[in-house]
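Please read the structure below before turning to the comments.
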2 protein chains.
Amino acid sequence: MKKVVVIGGGTGNFTVLRGLKRHDVDLSAIVSMADDGGSTGILRDELGVLPPGDVRQCLVALSDSSRMMRSLMNYRFENGGLEGHSFGNLLLSSLEKVTGSFERAIEEAGKILNIKGKVIPVTTHQVRLHMLLNDGNLLQGEKEILLSKEVHKGYKNIYLDPFPVVNYHAISEIMNADLVVFGPGGLYTSLIPNLLVEGIGKALQETKAKKIFVVNLMNKKGQTPNFTVKNHLDEIKKFIGNDVFDYILVNNSEPPKELIDIYAEEGELIKNDLTEDSRVIEAPLLSNDFKEIQKGDLLKRNLIRHDSEKLAIELMKIVNDI
Amino acid sequence: MKKVVVIGGGTGNFTVLRGLKRHDVDLSAIVSMADDGGSTGILRDELGVLPPGDVRQCLVALSDSSRMMRSLMNYRFENGGLEGHSFGNLLLSSLEKVTGSFERAIEEAGKILNIKGKVIPVTTHQVRLHMLLNDGNLLQGEKEILLSKEVHKGYKNIYLDPFPVVNYHAISEIMNADLVVFGPGGLYTSLIPNLLVEGIGKALQETKAKKIFVVNLMNKKGQTPNFTVKNHLDEIKKFIGNDVFDYILVNNSEPPKELIDIYAEEGELIKNDLTEDSRVIEAPLLSNDFKEIQKGDLLKRNLIRHDSEKLAIELMKIVNDI
């Protein structure tokens with residue numbers, strides 16, 4: 001069975017994993033430990049645990065258990081002192097406390113959820129993402145960077161503090177992979193934080209695995225405004241050291257005009273300016289499932305999104321060619 | 001396989017179940033829904049769920065899963081908004097929210113914990129325990145009753161509000177049992193609350209099961225001061241309607257003098273004044289595991305306690321005679 005390693009964090013990882021899970025591959029997810037927003041941020045601050053949120057999403061994506069169990073993991077408390085916490089985050093944090101190890105916690109949660117594959121934190125040390133902007137302003141934490149509208153003005157440095165020690169399981173997964181899937185995900189908040197951990201870039205350069213970059217659908221205002229596919233690649237190259245990708249997967253289907261209009265305040269579609277690059281694979285990757293539009297504005301960031309099965313089909317074509 | 005039904009709530013149930021689990025019997029635990037203290041009370045108030053605490057204890061007692069899973073269920077958060085909540089309580093409450101049913105939540109938690117037996121809430125309605133004292137003072141809630149030092153002065157009425165609808169699974173368990181084990185447990189806060197649910201007393205009168213009352217080791221000041229075994233039986237009889245017990249199991253071993261002294265402020269040993277009653281079985285039931293004495297005063301209420309295996313051996317003698 002071919003080994004596929006997915007690198008990212010957040011919803012991007014979830015979509016890729018959920019799609020690939022239905023296919024015959026050996027799956028691993030390498031997850032950034034930079035998340036510090038919402039329930040995850042509170043748990044980090046109050047309990048001193050490692051960030052559970054992105055790991056939870058990967059576990060749910062890989063879970064072969066009932067829909068009820070998956071709903072349980074994503075259930076969010078609505079009142080009182082527990083408000084905003086998702087049950088799955090509390091499970092991972094409690095397991096970390098009981099076992100004394102975040103990796104062991106992931107393993108035990110994986111058993112409860114009957115997961116197919118592995119979820120690997122890129123580091124098991126407590127790190128915070130920092131971004132020093134050109135104007136001297138220091139953004140502290142992934143949440144602050146994500147909410148900032150100033151990132152696009154340029155930054156002097158982006159780094160994890162304290163200096164992160166890589167989880168060697170992550171290196172070994174990359175080195176033994178047949179295909180590494182990088183992205184989709186927030187460029188500065190989900191993707192690059194993985195590359196800030198020493199050893200990950202080198203492993204991506206040295207592994208014999210094929211490497212594919214799955215490009216985001218949309219830019220986010222204040223973060224990557226008007227970034228093209230090439231802009232994304234150039235930015236990532238800085239942190240890996242080389243342009244390591246064998247494939248670049250880009251969506252070529254157009255979302256409905258009204259959705260683009262709804263999004264206009266938040267960002268715009270990413271343009272493909274690499275049409276001459278033979279590594280580029282264009283395919284319709286958009287989800288047609290727009291039903292959530294009725295649920296209100298809160299969900300609009302999920303409206304223009306990848307379809308997990310369409311993504312998986314394109315990725316499996318590559319896997320089957322290896 | 002003989003069917004044994006254990007009725008109570010709190011630590012008493014836990015001890016009986018943990019002991020019997022190691023023997024070859026079909027186990028069910030009927031649990032009072034009166035608990036409203038600590039983590040359980042907060043969850044009831046903030047989320048509107050049924051009280052998970054006693055159910056959690058029973059599930060852990062019946063669990064055949066790893067020590068780690070049992071530790072996880074009893075793990076208590078130590079900081080922030082989650083402080084004091086046990087993970088198992090959050091699991092049950094989340095499952096109740098996700099499935100829409102407390103009984104379904106217990107069933108699913110039972111699967112996760114790989115339990116041997118069943119845990120059945122005596123009612124699945126939201127009820128609160130009330131006690132109207134002779135002096136006109138109304139104690140509202142199990143916690144208030146447990147903390148009151150006035151209960152022994154006498155009460156006019158003890159009742160659940162709203163009037164509870166019995167869970168018919170509880171009736172059916174009692175009717176189909178070979179042995180019903182009543183107690184040990186707090187007389188007014190764990191045992192009688194089960195009998196306040198209409199139908200339970202009648203089932204205890206009508207079932208062909210043998211019935212055994214396991215008498216507490218200690219009285220609690222302000223609650224049952226100087227209550228003898230007969231006092232306990234008389235009080236319980238009021239709520240069942242008859243003296244239904246075929247056996248009365250009483251400890252006859254003496255705790256170390258220094259432990260009795262430590263306890264003196266809280267209560268004293270229960271005296272057996274039914275030595276002539278042929279139903280009485282006397283046996284050494286005390287736990288010799290005193291190591292927790294070093295952990296400080298908080299745990300002293302657990303120092304003089306039943307040994308789950310000694311209890312189980314006496315109960316199994318009866319089961320094997322049926």
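Going by the structure tokens order, chains are called A, B, ..., each with residues numbered from 1, while ligands are numbered from 1 in the order shown.
The part of chain A that reaches within 7 Å of chain B is made up of Glu46, Leu47, Ser71, Leu72, Tyr75, Asn79, Gly80, Gly81, Leu82, Phe87, Ser94, Leu95, Val98 and Ile112 of chain A, counting only C-alpha atoms.
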Kindly export the residues of the current selection with N, CA, C and O atoms, as a PDB file, in the first residue's frame.
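Writing the result to selection.pdb gives the following:
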```pdb
ATOM      1  N   GLU A  46      -4.821  27.583  30.064  1.00  0.00           N
ATOM      2  CA  GLU A  46      -5.277  27.197  31.403  1.00  0.00           C
ATOM      3  C   GLU A  46      -4.678  25.881  31.880  1.00  0.00           C
ATOM      4  O   GLU A  46      -4.464  25.682  33.066  1.00  0.00           O
ATOM      5  N   LEU A  47      -4.453  24.967  30.943  1.00  0.00           N
ATOM      6  CA  LEU A  47      -3.993  23.636  31.353  1.00  0.00           C
ATOM      7  C   LEU A  47      -2.540  23.364  30.961  1.00  0.00           C
ATOM      8  O   LEU A  47      -1.955  22.373  31.382  1.00  0.00           O
ATOM      9  N   SER A  71     -19.702  13.190  15.657  1.00  0.00           N
ATOM     10  CA  SER A  71     -20.438  14.359  16.169  1.00  0.00           C
ATOM     11  C   SER A  71     -20.007  14.680  17.589  1.00  0.00           C
ATOM     12  O   SER A  71     -19.873  15.842  17.966  1.00  0.00           O
ATOM     13  N   LEU A  72     -19.810  13.630  18.382  1.00  0.00           N
ATOM     14  CA  LEU A  72     -19.386  13.832  19.775  1.00  0.00           C
ATOM     15  C   LEU A  72     -18.072  14.611  19.819  1.00  0.00           C
ATOM     16  O   LEU A  72     -17.917  15.551  20.591  1.00  0.00           O
ATOM     17  N   TYR A  75     -18.660  18.140  19.132  1.00  0.00           N
ATOM     18  CA  TYR A  75     -19.695  18.804  19.924  1.00  0.00           C
ATOM     19  C   TYR A  75     -19.090  19.953  20.729  1.00  0.00           C
ATOM     20  O   TYR A  75     -18.083  19.787  21.405  1.00  0.00           O
ATOM     21  N   ASN A  79     -22.836  26.579  27.067  1.00  0.00           N
ATOM     22  CA  ASN A  79     -23.093  27.446  28.223  1.00  0.00           C
ATOM     23  C   ASN A  79     -22.019  27.314  29.284  1.00  0.00           C
ATOM     24  O   ASN A  79     -21.271  26.348  29.319  1.00  0.00           O
ATOM     25  N   GLY A  80     -22.013  28.290  30.160  1.00  0.00           N
ATOM     26  CA  GLY A  80     -21.232  28.209  31.392  1.00  0.00           C
ATOM     27  C   GLY A  80     -19.735  28.191  31.167  1.00  0.00           C
ATOM     28  O   GLY A  80     -19.227  28.658  30.141  1.00  0.00           O
ATOM     29  N   GLY A  81     -19.028  27.640  32.125  1.00  0.00           N
ATOM     30  CA  GLY A  81     -17.569  27.626  32.103  1.00  0.00           C
ATOM     31  C   GLY A  81     -17.003  26.787  30.975  1.00  0.00           C
ATOM     32  O   GLY A  81     -15.837  26.929  30.611  1.00  0.00           O
ATOM     33  N   LEU A  82     -17.829  25.907  30.419  1.00  0.00           N
ATOM     34  CA  LEU A  82     -17.369  25.020  29.348  1.00  0.00           C
ATOM     35  C   LEU A  82     -17.612  25.611  27.960  1.00  0.00           C
ATOM     36  O   LEU A  82     -17.199  25.040  26.951  1.00  0.00           O
ATOM     37  N   PHE A  87     -15.809  18.850  22.658  1.00  0.00           N
ATOM     38  CA  PHE A  87     -15.563  17.664  23.466  1.00  0.00           C
ATOM     39  C   PHE A  87     -14.249  16.985  23.081  1.00  0.00           C
ATOM     40  O   PHE A  87     -13.488  16.546  23.938  1.00  0.00           O
ATOM     41  N   SER A  94      -7.395  15.887  28.303  1.00  0.00           N
ATOM     42  CA  SER A  94      -7.460  14.990  29.469  1.00  0.00           C
ATOM     43  C   SER A  94      -6.514  13.814  29.281  1.00  0.00           C
ATOM     44  O   SER A  94      -5.810  13.407  30.212  1.00  0.00           O
ATOM     45  N   LEU A  95      -6.505  13.255  28.085  1.00  0.00           N
ATOM     46  CA  LEU A  95      -5.607  12.133  27.812  1.00  0.00           C
ATOM     47  C   LEU A  95      -4.151  12.556  27.962  1.00  0.00           C
ATOM     48  O   LEU A  95      -3.316  11.795  28.463  1.00  0.00           O
ATOM     49  N   VAL A  98      -3.522  12.596  31.647  1.00  0.00           N
ATOM     50  CA  VAL A  98      -3.528  11.271  32.279  1.00  0.00           C
ATOM     51  C   VAL A  98      -2.310  10.444  31.846  1.00  0.00           C
ATOM     52  O   VAL A  98      -1.708   9.743  32.654  1.00  0.00           O
ATOM     53  N   ILE A 112      -9.996   5.062  20.388  1.00  0.00           N
ATOM     54  CA  ILE A 112     -11.413   5.300  20.698  1.00  0.00           C
ATOM     55  C   ILE A 112     -12.182   5.606  19.406  1.00  0.00           C
ATOM     56  O   ILE A 112     -13.304   5.160  19.216  1.00  0.00           O
TER      57      ILE A 112
END
```
* Which neighbours of His125 of chain B fall inside 12 Å, counting only C-alpha atoms, when residues of the same chain fewer than 5 positions from it are skipped, and could you give them as JSON, numbers by chain? -> {"B": [32, 33, 34, 44, 48, 49, 50, 51, 101, 102, 103, 160, 161, 162, 163, 164, 165, 166, 167, 197]}
Create the file for the chosen residues now, containing C-alpha atoms and written as a short mmCIF file (atom, residue, chain, number, x, y, z; two decimals), in the first residue's frame.
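Output saved as part-v1.cif:
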```cif
data_model
loop_
_atom_site.label_atom_id
_atom_site.label_comp_id
_atom_site.auth_asym_id
_atom_site.auth_seq_id
_atom_site.Cartn_x
_atom_site.Cartn_y
_atom_site.Cartn_z
CA SER B 32 -30.37 7.64 41.98
CA MET B 33 -30.69 10.85 39.96
CA ALA B 34 -30.60 13.14 43.01
CA ARG B 44 -27.03 20.18 35.67
CA GLY B 48 -29.56 21.13 31.80
CA VAL B 49 -28.29 17.56 31.65
CA LEU B 50 -29.11 14.69 34.00
CA PRO B 51 -26.60 14.09 36.80
CA SER B 101 -31.00 10.86 25.52
CA PHE B 102 -29.30 10.15 28.84
CA GLU B 103 -29.91 6.42 28.55
CA LEU B 160 -38.27 14.55 44.64
CA ASP B 161 -39.56 17.53 42.71
CA PRO B 162 -41.07 17.41 40.15
CA PHE B 163 -42.83 14.15 40.94
CA PRO B 164 -40.61 11.58 39.27
CA VAL B 165 -41.64 9.21 36.53
CA VAL B 166 -39.94 5.88 37.00
CA ASN B 167 -37.66 4.47 34.32
CA VAL B 197 -39.48 7.18 42.65
#
```
* **Counting only C-alpha atoms, the residue of B:Val181, B:Leu269, B:Ile120, B:Ala209 that sits nearest Leu59 of chain B** => B:Ile120
* To do: Using backbone DSSP assignments, extract all strand (DSSP E or B) residues from segment 202-305 of chain A; output them as a ChimeraX atom specification.
  => /A:210-214,218,228,247-251,269,271,280-283,286
Any chance you can output those residues with C-alpha atoms as a short mmCIF file (atom, residue, chain, number, x, y, z; two decimals), in the first residue's frame?
```
data_model
loop_
_atom_site.label_atom_id
_atom_site.label_comp_id
_atom_site.auth_asym_id
_atom_site.auth_seq_id
_atom_site.Cartn_x
_atom_site.Cartn_y
_atom_site.Cartn_z
CA LYS A 210 6.72 12.82 -4.82
CA LYS A 211 5.58 16.15 -3.42
CA ILE A 212 2.40 17.95 -4.36
CA PHE A 213 1.29 21.42 -3.35
CA VAL A 214 -2.48 21.79 -3.17
CA MET A 218 -9.13 31.92 -2.00
CA THR A 228 -1.05 34.19 -7.30
CA TYR A 247 3.03 18.69 -8.82
CA ILE A 248 0.93 21.74 -8.18
CA LEU A 249 -2.79 21.07 -7.93
CA VAL A 250 -5.01 24.02 -8.82
CA ASN A 251 -8.76 24.29 -8.99
CA LEU A 269 -9.99 33.71 -5.85
CA LYS A 271 -5.20 33.25 -9.91
CA VAL A 280 0.55 22.21 -12.71
CA ILE A 281 -2.53 20.00 -12.70
CA GLU A 282 -5.77 21.86 -13.19
CA ALA A 283 -8.97 20.16 -12.16
CA LEU A 286 -14.82 22.86 -5.85
#
```
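Residues in contact with Ile7 of chain B at 8 Å, where only C-alpha atoms are counted and same-chain residues fewer than 2 positions away are skipped, are listed as Val5, Gly9, Asn13, Ala29, Ile30, Val31, Val180, Val181, Phe182, Gly183, Leu191 and Asn194 of chain B.
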Write the residues of the selection above to a file with N, CA, C and O atoms, as a PDB file, in the first residue's frame.
```pdb
ATOM      1  N   VAL B   5     -28.910  -7.131  40.909  1.00  0.00           N
ATOM      2  CA  VAL B   5     -29.215  -5.720  40.700  1.00  0.00           C
ATOM      3  C   VAL B   5     -28.790  -4.951  41.951  1.00  0.00           C
ATOM      4  O   VAL B   5     -29.179  -5.296  43.068  1.00  0.00           O
ATOM      5  N   GLY B   9     -26.188   4.635  44.760  1.00  0.00           N
ATOM      6  CA  GLY B   9     -25.699   5.877  44.160  1.00  0.00           C
ATOM      7  C   GLY B   9     -24.403   6.186  44.869  1.00  0.00           C
ATOM      8  O   GLY B   9     -24.224   5.818  46.030  1.00  0.00           O
ATOM      9  N   ASN B  13     -22.293   2.115  45.592  1.00  0.00           N
ATOM     10  CA  ASN B  13     -22.509   1.348  44.362  1.00  0.00           C
ATOM     11  C   ASN B  13     -21.193   0.923  43.731  1.00  0.00           C
ATOM     12  O   ASN B  13     -21.030  -0.204  43.285  1.00  0.00           O
ATOM     13  N   ALA B  29     -26.819  -1.892  37.660  1.00  0.00           N
ATOM     14  CA  ALA B  29     -26.791  -0.890  38.720  1.00  0.00           C
ATOM     15  C   ALA B  29     -27.923   0.091  38.483  1.00  0.00           C
ATOM     16  O   ALA B  29     -28.029   0.666  37.399  1.00  0.00           O
ATOM     17  N   ILE B  30     -28.782   0.251  39.478  1.00  0.00           N
ATOM     18  CA  ILE B  30     -29.820   1.280  39.416  1.00  0.00           C
ATOM     19  C   ILE B  30     -29.317   2.471  40.214  1.00  0.00           C
ATOM     20  O   ILE B  30     -28.901   2.322  41.368  1.00  0.00           O
ATOM     21  N   VAL B  31     -29.324   3.637  39.568  1.00  0.00           N
ATOM     22  CA  VAL B  31     -28.647   4.793  40.146  1.00  0.00           C
ATOM     23  C   VAL B  31     -29.636   5.921  40.403  1.00  0.00           C
ATOM     24  O   VAL B  31     -30.417   6.289  39.517  1.00  0.00           O
ATOM     25  N   VAL B 180     -31.223  -8.654  44.787  1.00  0.00           N
ATOM     26  CA  VAL B 180     -31.143  -7.192  44.790  1.00  0.00           C
ATOM     27  C   VAL B 180     -30.270  -6.780  45.978  1.00  0.00           C
ATOM     28  O   VAL B 180     -30.525  -7.192  47.112  1.00  0.00           O
ATOM     29  N   VAL B 181     -29.235  -5.988  45.696  1.00  0.00           N
ATOM     30  CA  VAL B 181     -28.347  -5.486  46.752  1.00  0.00           C
ATOM     31  C   VAL B 181     -28.685  -4.017  46.984  1.00  0.00           C
ATOM     32  O   VAL B 181     -28.534  -3.194  46.079  1.00  0.00           O
ATOM     33  N   PHE B 182     -29.149  -3.706  48.186  1.00  0.00           N
ATOM     34  CA  PHE B 182     -29.537  -2.332  48.509  1.00  0.00           C
ATOM     35  C   PHE B 182     -28.481  -1.767  49.465  1.00  0.00           C
ATOM     36  O   PHE B 182     -28.286  -2.276  50.562  1.00  0.00           O
ATOM     37  N   GLY B 183     -27.784  -0.734  49.025  1.00  0.00           N
ATOM     38  CA  GLY B 183     -26.734  -0.124  49.825  1.00  0.00           C
ATOM     39  C   GLY B 183     -25.385  -0.765  49.541  1.00  0.00           C
ATOM     40  O   GLY B 183     -25.300  -1.671  48.695  1.00  0.00           O
ATOM     41  N   LEU B 191     -29.581   6.338  49.114  1.00  0.00           N
ATOM     42  CA  LEU B 191     -30.461   5.161  49.130  1.00  0.00           C
ATOM     43  C   LEU B 191     -31.932   5.551  48.975  1.00  0.00           C
ATOM     44  O   LEU B 191     -32.597   5.133  48.017  1.00  0.00           O
ATOM     45  N   ASN B 194     -33.777   6.705  45.687  1.00  0.00           N
ATOM     46  CA  ASN B 194     -34.265   5.687  44.742  1.00  0.00           C
ATOM     47  C   ASN B 194     -35.694   5.269  45.074  1.00  0.00           C
ATOM     48  O   ASN B 194     -36.495   4.980  44.187  1.00  0.00           O
TER      49      ASN B 194
END
```
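Distances from A:Glu144, A:Leu92, A:Asp243, A:Asn157 to Ala105 of chain A were compared using only C-alpha atoms, and the smallest one belongs to A:Leu92.
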